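Raw start.cif, mmCIF, N, CA, C and O atoms:
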```
data_my_file
#
loop_
_atom_site.label_atom_id
_atom_site.label_comp_id
_atom_site.auth_asym_id
_atom_site.auth_seq_id
_atom_site.Cartn_x
_atom_site.Cartn_y
_atom_site.Cartn_z
N MET P 30 2.70 17.76 0.39
CA MET P 30 3.61 16.90 1.10
C MET P 30 2.87 16.31 2.30
O MET P 30 2.23 17.04 3.04
N VAL P 31 2.95 14.98 2.48
CA VAL P 31 2.21 14.31 3.54
C VAL P 31 3.11 13.34 4.30
O VAL P 31 3.64 12.39 3.74
N TYR P 32 3.31 13.61 5.59
CA TYR P 32 3.98 12.66 6.48
C TYR P 32 2.89 11.96 7.29
O TYR P 32 2.02 12.62 7.86
N LEU P 33 2.93 10.64 7.34
CA LEU P 33 1.86 9.90 7.99
C LEU P 33 1.70 10.22 9.46
O LEU P 33 0.59 10.23 9.98
N ASP P 34 2.81 10.49 10.16
CA ASP P 34 2.68 10.81 11.58
C ASP P 34 2.08 12.19 11.81
O ASP P 34 1.73 12.55 12.92
N GLN P 35 1.90 12.97 10.73
CA GLN P 35 1.32 14.30 10.84
C GLN P 35 0.01 14.42 10.07
O GLN P 35 -0.44 15.53 9.79
N GLY P 36 -0.62 13.29 9.73
CA GLY P 36 -1.88 13.32 9.00
C GLY P 36 -2.98 14.01 9.79
O GLY P 36 -2.87 14.21 11.00
N THR P 37 -4.05 14.36 9.12
CA THR P 37 -5.19 15.02 9.75
C THR P 37 -5.96 14.03 10.61
O THR P 37 -6.37 12.98 10.13
N ASP P 38 -6.15 14.37 11.87
CA ASP P 38 -6.88 13.51 12.80
C ASP P 38 -8.36 13.51 12.42
O ASP P 38 -9.00 14.56 12.34
N ILE P 39 -8.92 12.30 12.19
CA ILE P 39 -10.34 12.20 11.88
C ILE P 39 -11.09 11.43 12.96
O ILE P 39 -12.25 11.11 12.79
N GLY P 40 -10.41 11.13 14.07
CA GLY P 40 -11.07 10.57 15.24
C GLY P 40 -10.77 9.11 15.52
O GLY P 40 -10.54 8.33 14.61
N HIS P 41 -10.73 8.77 16.80
CA HIS P 41 -10.58 7.40 17.29
C HIS P 41 -9.32 6.71 16.77
O HIS P 41 -9.34 5.52 16.47
N GLY P 42 -8.23 7.46 16.63
CA GLY P 42 -6.96 6.89 16.17
C GLY P 42 -6.79 6.89 14.67
O GLY P 42 -5.73 6.48 14.17
N TRP P 43 -7.79 7.32 13.92
CA TRP P 43 -7.72 7.35 12.46
C TRP P 43 -7.24 8.71 11.99
O TRP P 43 -7.54 9.74 12.58
N LYS P 44 -6.44 8.68 10.89
CA LYS P 44 -5.94 9.90 10.26
C LYS P 44 -6.16 9.82 8.76
O LYS P 44 -6.36 8.74 8.21
N ARG P 45 -6.05 10.98 8.13
CA ARG P 45 -6.11 11.06 6.67
C ARG P 45 -4.88 11.85 6.23
O ARG P 45 -4.60 12.91 6.77
N ALA P 46 -4.19 11.31 5.24
CA ALA P 46 -2.99 11.96 4.73
C ALA P 46 -3.10 12.10 3.22
O ALA P 46 -2.67 11.23 2.47
N GLY P 47 -3.72 13.18 2.78
CA GLY P 47 -3.80 13.52 1.36
C GLY P 47 -3.95 12.34 0.42
O GLY P 47 -4.89 11.57 0.50
N TRP P 48 -2.97 12.18 -0.46
CA TRP P 48 -3.01 11.16 -1.50
C TRP P 48 -3.02 9.73 -0.96
O TRP P 48 -3.49 8.81 -1.64
N PHE P 49 -2.53 9.50 0.24
CA PHE P 49 -2.41 8.13 0.76
C PHE P 49 -3.71 7.63 1.40
O PHE P 49 -3.88 6.45 1.62
N GLY P 50 -4.63 8.51 1.71
CA GLY P 50 -5.93 8.09 2.22
C GLY P 50 -5.99 7.96 3.73
O GLY P 50 -5.23 8.59 4.47
N GLU P 51 -6.91 7.11 4.21
CA GLU P 51 -7.19 6.97 5.64
C GLU P 51 -6.50 5.74 6.24
O GLU P 51 -6.42 4.70 5.60
N TYR P 52 -6.03 5.92 7.49
CA TYR P 52 -5.30 4.84 8.16
C TYR P 52 -5.41 5.02 9.67
O TYR P 52 -5.58 6.12 10.19
N PHE P 53 -5.33 3.90 10.36
CA PHE P 53 -5.33 3.87 11.82
C PHE P 53 -3.87 3.97 12.26
O PHE P 53 -3.04 3.17 11.86
N SER P 54 -3.56 4.97 13.11
CA SER P 54 -2.16 5.33 13.32
C SER P 54 -1.64 5.17 14.74
O SER P 54 -0.53 5.63 15.04
N VAL P 55 -2.36 4.52 15.62
CA VAL P 55 -1.96 4.45 17.02
C VAL P 55 -0.63 3.72 17.20
O VAL P 55 0.11 4.00 18.14
N PHE P 56 -0.28 2.82 16.29
CA PHE P 56 0.91 1.98 16.46
C PHE P 56 2.04 2.30 15.48
O PHE P 56 2.83 1.43 15.14
N ILE P 57 2.12 3.54 14.98
CA ILE P 57 3.18 3.90 14.02
C ILE P 57 4.53 3.41 14.53
O ILE P 57 4.83 3.61 15.69
N PRO P 58 5.35 2.68 13.75
CA PRO P 58 5.34 2.60 12.30
C PRO P 58 4.38 1.55 11.72
O PRO P 58 4.33 1.39 10.51
N TRP P 59 3.64 0.84 12.55
CA TRP P 59 2.58 -0.02 12.04
C TRP P 59 1.33 0.82 11.89
O TRP P 59 0.95 1.55 12.80
N ILE P 60 0.69 0.72 10.72
CA ILE P 60 -0.58 1.40 10.51
C ILE P 60 -1.55 0.40 9.90
O ILE P 60 -1.14 -0.61 9.31
N TYR P 61 -2.84 0.69 10.05
CA TYR P 61 -3.85 -0.08 9.34
C TYR P 61 -4.45 0.84 8.29
O TYR P 61 -5.16 1.79 8.61
N HIS P 62 -4.12 0.60 7.03
CA HIS P 62 -4.62 1.42 5.93
C HIS P 62 -6.01 0.92 5.55
O HIS P 62 -6.25 -0.29 5.46
N PHE P 63 -6.93 1.85 5.31
CA PHE P 63 -8.31 1.50 5.01
C PHE P 63 -8.44 0.48 3.88
O PHE P 63 -9.25 -0.43 3.95
N ASP P 64 -7.65 0.62 2.83
CA ASP P 64 -7.73 -0.29 1.68
C ASP P 64 -6.67 -1.38 1.67
O ASP P 64 -6.91 -2.46 1.14
N LEU P 65 -5.50 -1.12 2.25
CA LEU P 65 -4.38 -2.05 2.13
C LEU P 65 -4.18 -2.96 3.34
O LEU P 65 -3.42 -3.91 3.27
N GLY P 66 -4.82 -2.65 4.46
CA GLY P 66 -4.66 -3.48 5.66
C GLY P 66 -3.43 -3.06 6.45
O GLY P 66 -2.98 -1.92 6.38
N TRP P 67 -2.87 -4.00 7.23
CA TRP P 67 -1.73 -3.71 8.10
C TRP P 67 -0.46 -3.52 7.28
O TRP P 67 -0.12 -4.35 6.44
N LEU P 68 0.26 -2.42 7.57
CA LEU P 68 1.49 -2.09 6.88
C LEU P 68 2.54 -1.65 7.89
O LEU P 68 2.22 -0.97 8.86
N PHE P 69 3.78 -2.02 7.63
CA PHE P 69 4.92 -1.48 8.38
C PHE P 69 5.51 -0.39 7.49
O PHE P 69 5.95 -0.66 6.38
N VAL P 70 5.53 0.84 7.98
CA VAL P 70 5.84 2.00 7.16
C VAL P 70 7.24 2.53 7.42
O VAL P 70 7.66 2.68 8.56
N GLU P 71 7.95 2.83 6.33
CA GLU P 71 9.23 3.54 6.35
C GLU P 71 9.05 4.75 5.45
O GLU P 71 8.95 4.61 4.24
N GLN P 72 8.98 5.92 6.03
CA GLN P 72 8.76 7.12 5.23
C GLN P 72 9.88 8.12 5.46
O GLN P 72 10.12 8.54 6.59
N LYS P 73 10.55 8.51 4.38
CA LYS P 73 11.66 9.46 4.46
C LYS P 73 11.29 10.83 3.91
O LYS P 73 11.98 11.80 4.14
N SER P 74 10.21 10.90 3.12
CA SER P 74 9.77 12.18 2.57
C SER P 74 8.25 12.22 2.57
O SER P 74 7.60 11.19 2.75
N GLY P 75 7.70 13.38 2.32
CA GLY P 75 6.25 13.52 2.26
C GLY P 75 5.68 13.23 0.90
O GLY P 75 4.47 13.30 0.69
N PHE P 76 6.54 12.88 -0.07
CA PHE P 76 6.10 12.64 -1.43
C PHE P 76 6.04 11.16 -1.81
O PHE P 76 5.43 10.80 -2.81
N ASP P 77 6.72 10.31 -1.05
CA ASP P 77 6.69 8.88 -1.34
C ASP P 77 6.76 8.09 -0.05
O ASP P 77 6.98 8.65 1.02
N ILE P 78 6.55 6.80 -0.18
CA ILE P 78 6.50 5.95 1.01
C ILE P 78 6.92 4.53 0.64
O ILE P 78 6.62 4.04 -0.45
N TRP P 79 7.65 3.91 1.54
CA TRP P 79 7.94 2.47 1.48
C TRP P 79 7.12 1.82 2.58
O TRP P 79 7.01 2.37 3.68
N PHE P 80 6.56 0.67 2.29
CA PHE P 80 5.89 -0.07 3.35
C PHE P 80 6.02 -1.57 3.10
O PHE P 80 6.26 -2.00 1.97
N TYR P 81 5.89 -2.33 4.18
CA TYR P 81 5.91 -3.78 4.08
C TYR P 81 4.50 -4.29 4.29
O TYR P 81 3.83 -3.93 5.26
N HIS P 82 4.05 -5.14 3.36
CA HIS P 82 2.73 -5.77 3.42
C HIS P 82 2.96 -7.28 3.46
O HIS P 82 3.82 -7.80 2.74
N GLU P 83 2.23 -7.97 4.27
CA GLU P 83 2.43 -9.41 4.47
C GLU P 83 2.48 -10.20 3.17
O GLU P 83 3.32 -11.08 3.00
N ASN P 84 1.61 -9.90 2.23
CA ASN P 84 1.57 -10.66 0.97
C ASN P 84 2.40 -10.03 -0.15
O ASN P 84 2.93 -10.73 -0.99
N LEU P 85 2.49 -8.71 -0.15
CA LEU P 85 3.18 -8.02 -1.24
C LEU P 85 4.65 -7.76 -0.95
O LEU P 85 5.41 -7.44 -1.85
N HIS P 86 5.04 -7.88 0.31
CA HIS P 86 6.40 -7.62 0.78
C HIS P 86 6.72 -6.13 0.66
O HIS P 86 5.85 -5.31 0.87
N TRP P 87 7.95 -5.75 0.31
CA TRP P 87 8.30 -4.33 0.27
C TRP P 87 7.70 -3.66 -0.95
O TRP P 87 7.83 -4.16 -2.07
N VAL P 88 7.05 -2.54 -0.68
CA VAL P 88 6.28 -1.82 -1.70
C VAL P 88 6.67 -0.34 -1.66
O VAL P 88 6.88 0.23 -0.60
N TRP P 89 6.76 0.26 -2.84
CA TRP P 89 7.00 1.70 -2.94
C TRP P 89 5.87 2.34 -3.72
O TRP P 89 5.35 1.76 -4.68
N THR P 90 5.47 3.53 -3.30
CA THR P 90 4.53 4.34 -4.06
C THR P 90 4.77 5.80 -3.74
O THR P 90 5.55 6.13 -2.85
N SER P 91 4.10 6.67 -4.49
CA SER P 91 4.30 8.11 -4.28
C SER P 91 3.01 8.85 -4.61
O SER P 91 2.07 8.28 -5.16
N SER P 92 3.03 10.13 -4.31
CA SER P 92 1.86 10.97 -4.60
C SER P 92 1.58 11.00 -6.10
O SER P 92 0.45 11.16 -6.52
N GLU P 93 2.60 10.82 -6.91
CA GLU P 93 2.44 10.83 -8.36
C GLU P 93 1.84 9.53 -8.90
O GLU P 93 1.12 9.54 -9.90
N PHE P 94 2.11 8.40 -8.25
CA PHE P 94 1.72 7.10 -8.79
C PHE P 94 0.57 6.39 -8.06
O PHE P 94 -0.09 5.54 -8.65
N PHE P 95 0.37 6.65 -6.79
CA PHE P 95 -0.65 5.95 -6.01
C PHE P 95 -2.02 6.12 -6.66
O PHE P 95 -2.36 7.22 -7.06
N PRO P 96 -2.79 5.05 -6.87
CA PRO P 96 -2.76 3.71 -6.28
C PRO P 96 -1.99 2.65 -7.07
O PRO P 96 -2.24 1.46 -6.93
N PHE P 97 -1.04 3.06 -7.89
CA PHE P 97 -0.12 2.10 -8.49
C PHE P 97 0.99 1.86 -7.47
O PHE P 97 1.49 2.80 -6.85
N LEU P 98 1.34 0.59 -7.29
CA LEU P 98 2.35 0.20 -6.30
C LEU P 98 3.47 -0.57 -6.99
O LEU P 98 3.20 -1.45 -7.82
N TYR P 99 4.70 -0.26 -6.62
CA TYR P 99 5.85 -1.01 -7.13
C TYR P 99 6.25 -2.05 -6.10
O TYR P 99 6.55 -1.71 -4.95
N LEU P 100 6.24 -3.33 -6.49
CA LEU P 100 6.60 -4.43 -5.61
C LEU P 100 8.08 -4.75 -5.79
O LEU P 100 8.48 -5.31 -6.81
N MET P 101 8.87 -4.40 -4.82
CA MET P 101 10.32 -4.54 -4.91
C MET P 101 10.75 -5.99 -5.13
O MET P 101 11.55 -6.28 -6.01
N ASP P 102 10.24 -6.92 -4.33
CA ASP P 102 10.65 -8.33 -4.44
C ASP P 102 10.27 -8.96 -5.77
O ASP P 102 10.89 -9.92 -6.20
N TYR P 103 9.23 -8.44 -6.41
CA TYR P 103 8.74 -9.02 -7.65
C TYR P 103 9.13 -8.20 -8.88
O TYR P 103 8.88 -8.62 -10.01
N ASN P 104 9.71 -7.02 -8.65
CA ASN P 104 10.13 -6.14 -9.74
C ASN P 104 9.00 -5.88 -10.72
O ASN P 104 9.14 -6.04 -11.94
N LYS P 105 7.83 -5.50 -10.17
CA LYS P 105 6.69 -5.22 -11.03
C LYS P 105 5.75 -4.23 -10.36
O LYS P 105 5.78 -4.02 -9.16
N TRP P 106 4.88 -3.67 -11.20
CA TRP P 106 3.86 -2.73 -10.77
C TRP P 106 2.51 -3.43 -10.71
O TRP P 106 2.23 -4.30 -11.54
N ILE P 107 1.70 -3.02 -9.73
CA ILE P 107 0.30 -3.46 -9.68
C ILE P 107 -0.56 -2.22 -9.48
O ILE P 107 -0.07 -1.15 -9.13
N TYR P 108 -1.85 -2.39 -9.72
CA TYR P 108 -2.82 -1.32 -9.50
C TYR P 108 -3.80 -1.79 -8.44
O TYR P 108 -4.36 -2.88 -8.56
N VAL P 109 -4.03 -0.98 -7.40
CA VAL P 109 -4.96 -1.33 -6.33
C VAL P 109 -6.27 -0.60 -6.57
O VAL P 109 -6.29 0.62 -6.75
N GLU P 110 -7.37 -1.34 -6.58
CA GLU P 110 -8.70 -0.77 -6.76
C GLU P 110 -9.18 -0.26 -5.40
O GLU P 110 -9.69 -1.02 -4.57
N LEU P 111 -8.95 1.01 -5.12
CA LEU P 111 -9.32 1.60 -3.84
C LEU P 111 -10.83 1.62 -3.68
O LEU P 111 -11.57 1.86 -4.63
N GLY P 112 -11.29 1.35 -2.46
CA GLY P 112 -12.72 1.39 -2.16
C GLY P 112 -13.47 0.12 -2.51
O GLY P 112 -14.67 0.02 -2.27
N SER P 113 -12.81 -0.87 -3.08
CA SER P 113 -13.48 -2.13 -3.41
C SER P 113 -13.54 -3.01 -2.16
O SER P 113 -12.70 -2.93 -1.28
N THR P 114 -14.57 -3.84 -2.09
CA THR P 114 -14.71 -4.76 -0.96
C THR P 114 -14.94 -6.16 -1.51
O THR P 114 -15.96 -6.39 -2.13
N PRO P 115 -14.01 -7.08 -1.30
CA PRO P 115 -12.70 -6.87 -0.69
C PRO P 115 -11.78 -6.10 -1.63
O PRO P 115 -12.06 -5.99 -2.82
N THR P 116 -10.69 -5.59 -1.08
CA THR P 116 -9.72 -4.86 -1.90
C THR P 116 -9.09 -5.82 -2.91
O THR P 116 -8.70 -6.93 -2.57
N VAL P 117 -9.03 -5.38 -4.15
CA VAL P 117 -8.42 -6.19 -5.21
C VAL P 117 -7.32 -5.38 -5.88
O VAL P 117 -7.29 -4.15 -5.81
N PHE P 118 -6.41 -6.10 -6.53
CA PHE P 118 -5.38 -5.44 -7.32
C PHE P 118 -5.27 -6.11 -8.68
O PHE P 118 -5.62 -7.27 -8.86
N TYR P 119 -4.79 -5.33 -9.63
CA TYR P 119 -4.59 -5.81 -10.99
C TYR P 119 -3.10 -6.02 -11.22
O TYR P 119 -2.30 -5.13 -10.98
N GLU P 120 -2.77 -7.22 -11.67
CA GLU P 120 -1.37 -7.55 -11.97
C GLU P 120 -1.24 -7.53 -13.49
O GLU P 120 -1.87 -8.31 -14.19
N PHE P 121 -0.46 -6.58 -14.00
CA PHE P 121 -0.40 -6.31 -15.43
C PHE P 121 0.16 -7.45 -16.25
O PHE P 121 -0.31 -7.72 -17.35
N GLU P 122 1.17 -8.13 -15.73
CA GLU P 122 1.81 -9.20 -16.50
C GLU P 122 0.84 -10.33 -16.82
O GLU P 122 0.76 -10.79 -17.95
N SER P 123 0.09 -10.78 -15.82
CA SER P 123 -0.87 -11.87 -16.03
C SER P 123 -2.21 -11.35 -16.53
O SER P 123 -3.06 -12.13 -16.95
N GLN P 124 -2.42 -10.04 -16.45
CA GLN P 124 -3.67 -9.39 -16.82
C GLN P 124 -4.84 -9.97 -16.04
O GLN P 124 -5.90 -10.24 -16.58
N LYS P 125 -4.62 -10.14 -14.70
CA LYS P 125 -5.64 -10.71 -13.83
C LYS P 125 -5.82 -9.86 -12.59
O LYS P 125 -4.90 -9.17 -12.15
N TRP P 126 -7.03 -9.94 -12.03
CA TRP P 126 -7.35 -9.31 -10.76
C TRP P 126 -7.18 -10.32 -9.64
O TRP P 126 -7.51 -11.50 -9.82
N PHE P 127 -6.67 -9.88 -8.50
CA PHE P 127 -6.48 -10.73 -7.32
C PHE P 127 -7.05 -10.03 -6.10
O PHE P 127 -6.99 -8.81 -6.00
N LYS P 128 -7.57 -10.82 -5.17
CA LYS P 128 -7.94 -10.26 -3.86
C LYS P 128 -6.64 -9.99 -3.10
O LYS P 128 -5.76 -10.84 -3.06
N LEU P 129 -6.54 -8.83 -2.50
CA LEU P 129 -5.30 -8.40 -1.86
C LEU P 129 -4.85 -9.33 -0.74
O LEU P 129 -3.69 -9.65 -0.64
N ASN P 130 -5.75 -9.76 0.11
CA ASN P 130 -5.35 -10.56 1.27
C ASN P 130 -5.76 -12.02 1.14
O ASN P 130 -6.07 -12.67 2.13
N SER P 131 -5.73 -12.54 -0.08
CA SER P 131 -6.00 -13.95 -0.32
C SER P 131 -4.75 -14.61 -0.85
O SER P 131 -3.76 -13.95 -1.16
N ASP P 132 -4.82 -15.91 -0.98
CA ASP P 132 -3.69 -16.63 -1.56
C ASP P 132 -3.60 -16.30 -3.05
O ASP P 132 -4.57 -16.41 -3.77
N PHE P 133 -2.45 -15.87 -3.46
CA PHE P 133 -2.19 -15.62 -4.87
C PHE P 133 -0.71 -15.86 -5.10
O PHE P 133 0.08 -15.87 -4.17
N VAL P 134 -0.35 -16.09 -6.34
CA VAL P 134 1.04 -16.36 -6.66
C VAL P 134 1.52 -15.31 -7.65
O VAL P 134 0.94 -15.16 -8.71
N LEU P 135 2.54 -14.58 -7.25
CA LEU P 135 3.19 -13.64 -8.17
C LEU P 135 4.56 -14.20 -8.49
O LEU P 135 5.29 -14.61 -7.62
N SER P 136 4.88 -14.20 -9.74
CA SER P 136 6.17 -14.68 -10.19
C SER P 136 7.24 -13.62 -9.92
O SER P 136 7.00 -12.44 -10.11
N LYS P 137 8.42 -14.05 -9.49
CA LYS P 137 9.53 -13.14 -9.27
C LYS P 137 10.40 -12.99 -10.51
O LYS P 137 11.47 -12.44 -10.46
N GLU P 138 9.96 -13.51 -11.60
CA GLU P 138 10.75 -13.44 -12.86
C GLU P 138 10.40 -12.22 -13.64
O GLU P 138 9.38 -11.69 -13.65
#
```
Structure translated into structure tokens:
Amino acid sequence: MVYLDQGTDIGHGWKRAGWFGEYFSVFIPWIYHFDLGWLFVEQKSGFDIWFYHENLHWVWTSSEFFPFLYLMDYNKWIYVELGSTPTVFYEFESQKWFKLNSDFVLSKE
């Protein structure tokens, strides 16, 4: 079970929280996730997390599914390639890779 506000301190404002990885936590509920960038976090349990991402909007994931993310506004799952530079994700419906923080179009259908 991992609560982000109780992650392991790894120095200079950075923490590590098990399955969720490393993040800068000085501004909780805003965090900077090593792979996902700036997120607004809503966490009710240590097993899953909701967060808002500028491009992906509201996202849900859990210790069981991460790095698969469920995009609430788009009603679809994506896969995030952790550790890639830049961070990319795979969108299953179009069968394409996208840069996480670039212009991309996801259909809400």
| message | Can you spell out as a PyMOL selection string the set of residues that the PyMOL selection byres ((chain P and resi 78) around 7) selects in the structure I just provided? | response | chain P and resi 71-77+79-80+88-92
| request: Check the smallest atom-to-atom distance from each of P:Lys125, P:His86, P:His62, P:Lys44 to Tyr99 in chain P using only N, CA, C and O atoms, then report the winner. | output: P:His86
| message | Between CA of Gly36 in chain P and CA of Glu83 in chain P, what distance in Å does the model show, to one decimal? | response |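 Separating CA of Gly36 in chain P from CA of Glu83 in chain P is a distance of 23.6 Å.
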| query | Can you tell me, as a VMD selection string, what residues are no more than 9 Å from Leu85 in chain P when counting only C-alpha atoms, ignoring any on the same chain fewer than 3 positions away? | reply | chain P and resid 81 to 82 88 100 to 103 129 135
| task | Rank nothing, just name the residue among P:Trp43, P:Tyr52, P:Trp87, P:Phe97 nearest to Phe69 in chain P, using all atoms listed in the file. | result |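 Counting all atoms listed in the file, the residue closest to Phe69 in chain P is P:Trp87.
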| request: Please measure the separation of CA of Gly47 in chain P and CA of Gln124 in chain P, giving the value in Å to one decimal. | output: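 Separating CA of Gly47 in chain P from CA of Gln124 in chain P is a distance of 29.2 Å.
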| task | Return as a PyMOL selection string the full set of residues in chain P whose backbone-based DSSP assignment is strand (DSSP E). | result | chain P and resi 37-40+43-46+50-53+59-62+66-71+77-82+86-91+97-100+105-110+117-120+125-128
| task | Calculate how many Å separate CA of Trp48 in chain P from CA of Asp64 in chain P, rounding to one decimal. | result |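 The value is 12.8 Å.
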| the PyMOL selection byres (((chain P and resi 63 and name CA) around 10) and name CA) resolved against shown file, as a VMD selection string | chain P and resid 43 45 49 to 53 60 to 62 64 to 67 111 to 112 116
Could you write range 109-117 of chain P of the block just shown to a file containing all heavy atoms, as a PDB file, in the first residue's frame?
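Result file follows (result_18.pdb):
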```
ATOM      1  N   VAL P 109       1.860   3.452 -20.856  1.00  0.00           N
ATOM      2  CA  VAL P 109       2.947   4.426 -20.805  1.00  0.00           C
ATOM      3  C   VAL P 109       4.270   3.679 -20.755  1.00  0.00           C
ATOM      4  O   VAL P 109       4.466   2.790 -19.921  1.00  0.00           O
ATOM      5  CB  VAL P 109       2.821   5.357 -19.577  1.00  0.00           C
ATOM      6  CG1 VAL P 109       4.008   6.287 -19.485  1.00  0.00           C
ATOM      7  CG2 VAL P 109       1.525   6.136 -19.631  1.00  0.00           C
ATOM      8  N   GLU P 110       5.170   4.023 -21.664  1.00  0.00           N
ATOM      9  CA  GLU P 110       6.503   3.424 -21.712  1.00  0.00           C
ATOM     10  C   GLU P 110       7.383   4.154 -20.700  1.00  0.00           C
ATOM     11  O   GLU P 110       7.935   5.220 -20.979  1.00  0.00           O
ATOM     12  CB  GLU P 110       7.090   3.547 -23.120  1.00  0.00           C
ATOM     13  CG  GLU P 110       8.441   2.908 -23.283  1.00  0.00           C
ATOM     14  CD  GLU P 110       8.375   1.385 -23.299  1.00  0.00           C
ATOM     15  OE1 GLU P 110       7.342   0.818 -23.693  1.00  0.00           O
ATOM     16  OE2 GLU P 110       9.371   0.778 -22.920  1.00  0.00           O
ATOM     17  N   LEU P 111       7.471   3.624 -19.495  1.00  0.00           N
ATOM     18  CA  LEU P 111       8.246   4.249 -18.432  1.00  0.00           C
ATOM     19  C   LEU P 111       9.730   4.234 -18.771  1.00  0.00           C
ATOM     20  O   LEU P 111      10.241   3.275 -19.338  1.00  0.00           O
ATOM     21  CB  LEU P 111       8.009   3.523 -17.104  1.00  0.00           C
ATOM     22  CG  LEU P 111       6.563   3.490 -16.629  1.00  0.00           C
ATOM     23  CD1 LEU P 111       6.451   2.653 -15.365  1.00  0.00           C
ATOM     24  CD2 LEU P 111       6.036   4.891 -16.391  1.00  0.00           C
ATOM     25  N   GLY P 112      10.412   5.324 -18.434  1.00  0.00           N
ATOM     26  CA  GLY P 112      11.852   5.413 -18.658  1.00  0.00           C
ATOM     27  C   GLY P 112      12.244   5.841 -20.058  1.00  0.00           C
ATOM     28  O   GLY P 112      13.425   5.988 -20.354  1.00  0.00           O
ATOM     29  N   SER P 113      11.291   6.045 -20.951  1.00  0.00           N
ATOM     30  CA  SER P 113      11.622   6.494 -22.306  1.00  0.00           C
ATOM     31  C   SER P 113      11.817   8.009 -22.305  1.00  0.00           C
ATOM     32  O   SER P 113      11.251   8.727 -21.498  1.00  0.00           O
ATOM     33  CB  SER P 113      10.523   6.106 -23.302  1.00  0.00           C
ATOM     34  OG  SER P 113       9.303   6.737 -22.989  1.00  0.00           O
ATOM     35  N   THR P 114      12.654   8.478 -23.210  1.00  0.00           N
ATOM     36  CA  THR P 114      12.901   9.920 -23.332  1.00  0.00           C
ATOM     37  C   THR P 114      12.722  10.312 -24.786  1.00  0.00           C
ATOM     38  O   THR P 114      13.498   9.870 -25.615  1.00  0.00           O
ATOM     39  CB  THR P 114      14.326  10.277 -22.877  1.00  0.00           C
ATOM     40  OG1 THR P 114      14.508   9.796 -21.546  1.00  0.00           O
ATOM     41  CG2 THR P 114      14.556  11.766 -22.905  1.00  0.00           C
ATOM     42  N   PRO P 115      11.715  11.109 -25.111  1.00  0.00           N
ATOM     43  CA  PRO P 115      10.664  11.582 -24.220  1.00  0.00           C
ATOM     44  C   PRO P 115       9.702  10.447 -23.875  1.00  0.00           C
ATOM     45  O   PRO P 115       9.690   9.413 -24.542  1.00  0.00           O
ATOM     46  CB  PRO P 115       9.962  12.665 -25.037  1.00  0.00           C
ATOM     47  CG  PRO P 115      10.120  12.215 -26.453  1.00  0.00           C
ATOM     48  CD  PRO P 115      11.486  11.553 -26.500  1.00  0.00           C
ATOM     49  N   THR P 116       8.889  10.664 -22.850  1.00  0.00           N
ATOM     50  CA  THR P 116       7.899   9.660 -22.460  1.00  0.00           C
ATOM     51  C   THR P 116       6.876   9.494 -23.583  1.00  0.00           C
ATOM     52  O   THR P 116       6.387  10.474 -24.134  1.00  0.00           O
ATOM     53  CB  THR P 116       7.189  10.077 -21.164  1.00  0.00           C
ATOM     54  OG1 THR P 116       8.168  10.218 -20.135  1.00  0.00           O
ATOM     55  CG2 THR P 116       6.160   9.049 -20.741  1.00  0.00           C
ATOM     56  N   VAL P 117       6.594   8.251 -23.913  1.00  0.00           N
ATOM     57  CA  VAL P 117       5.609   7.957 -24.955  1.00  0.00           C
ATOM     58  C   VAL P 117       4.544   7.028 -24.385  1.00  0.00           C
ATOM     59  O   VAL P 117       4.762   6.345 -23.387  1.00  0.00           O
ATOM     60  CB  VAL P 117       6.258   7.314 -26.203  1.00  0.00           C
ATOM     61  CG1 VAL P 117       7.185   8.294 -26.897  1.00  0.00           C
ATOM     62  CG2 VAL P 117       6.987   6.032 -25.851  1.00  0.00           C
TER      63      VAL P 117
END
```
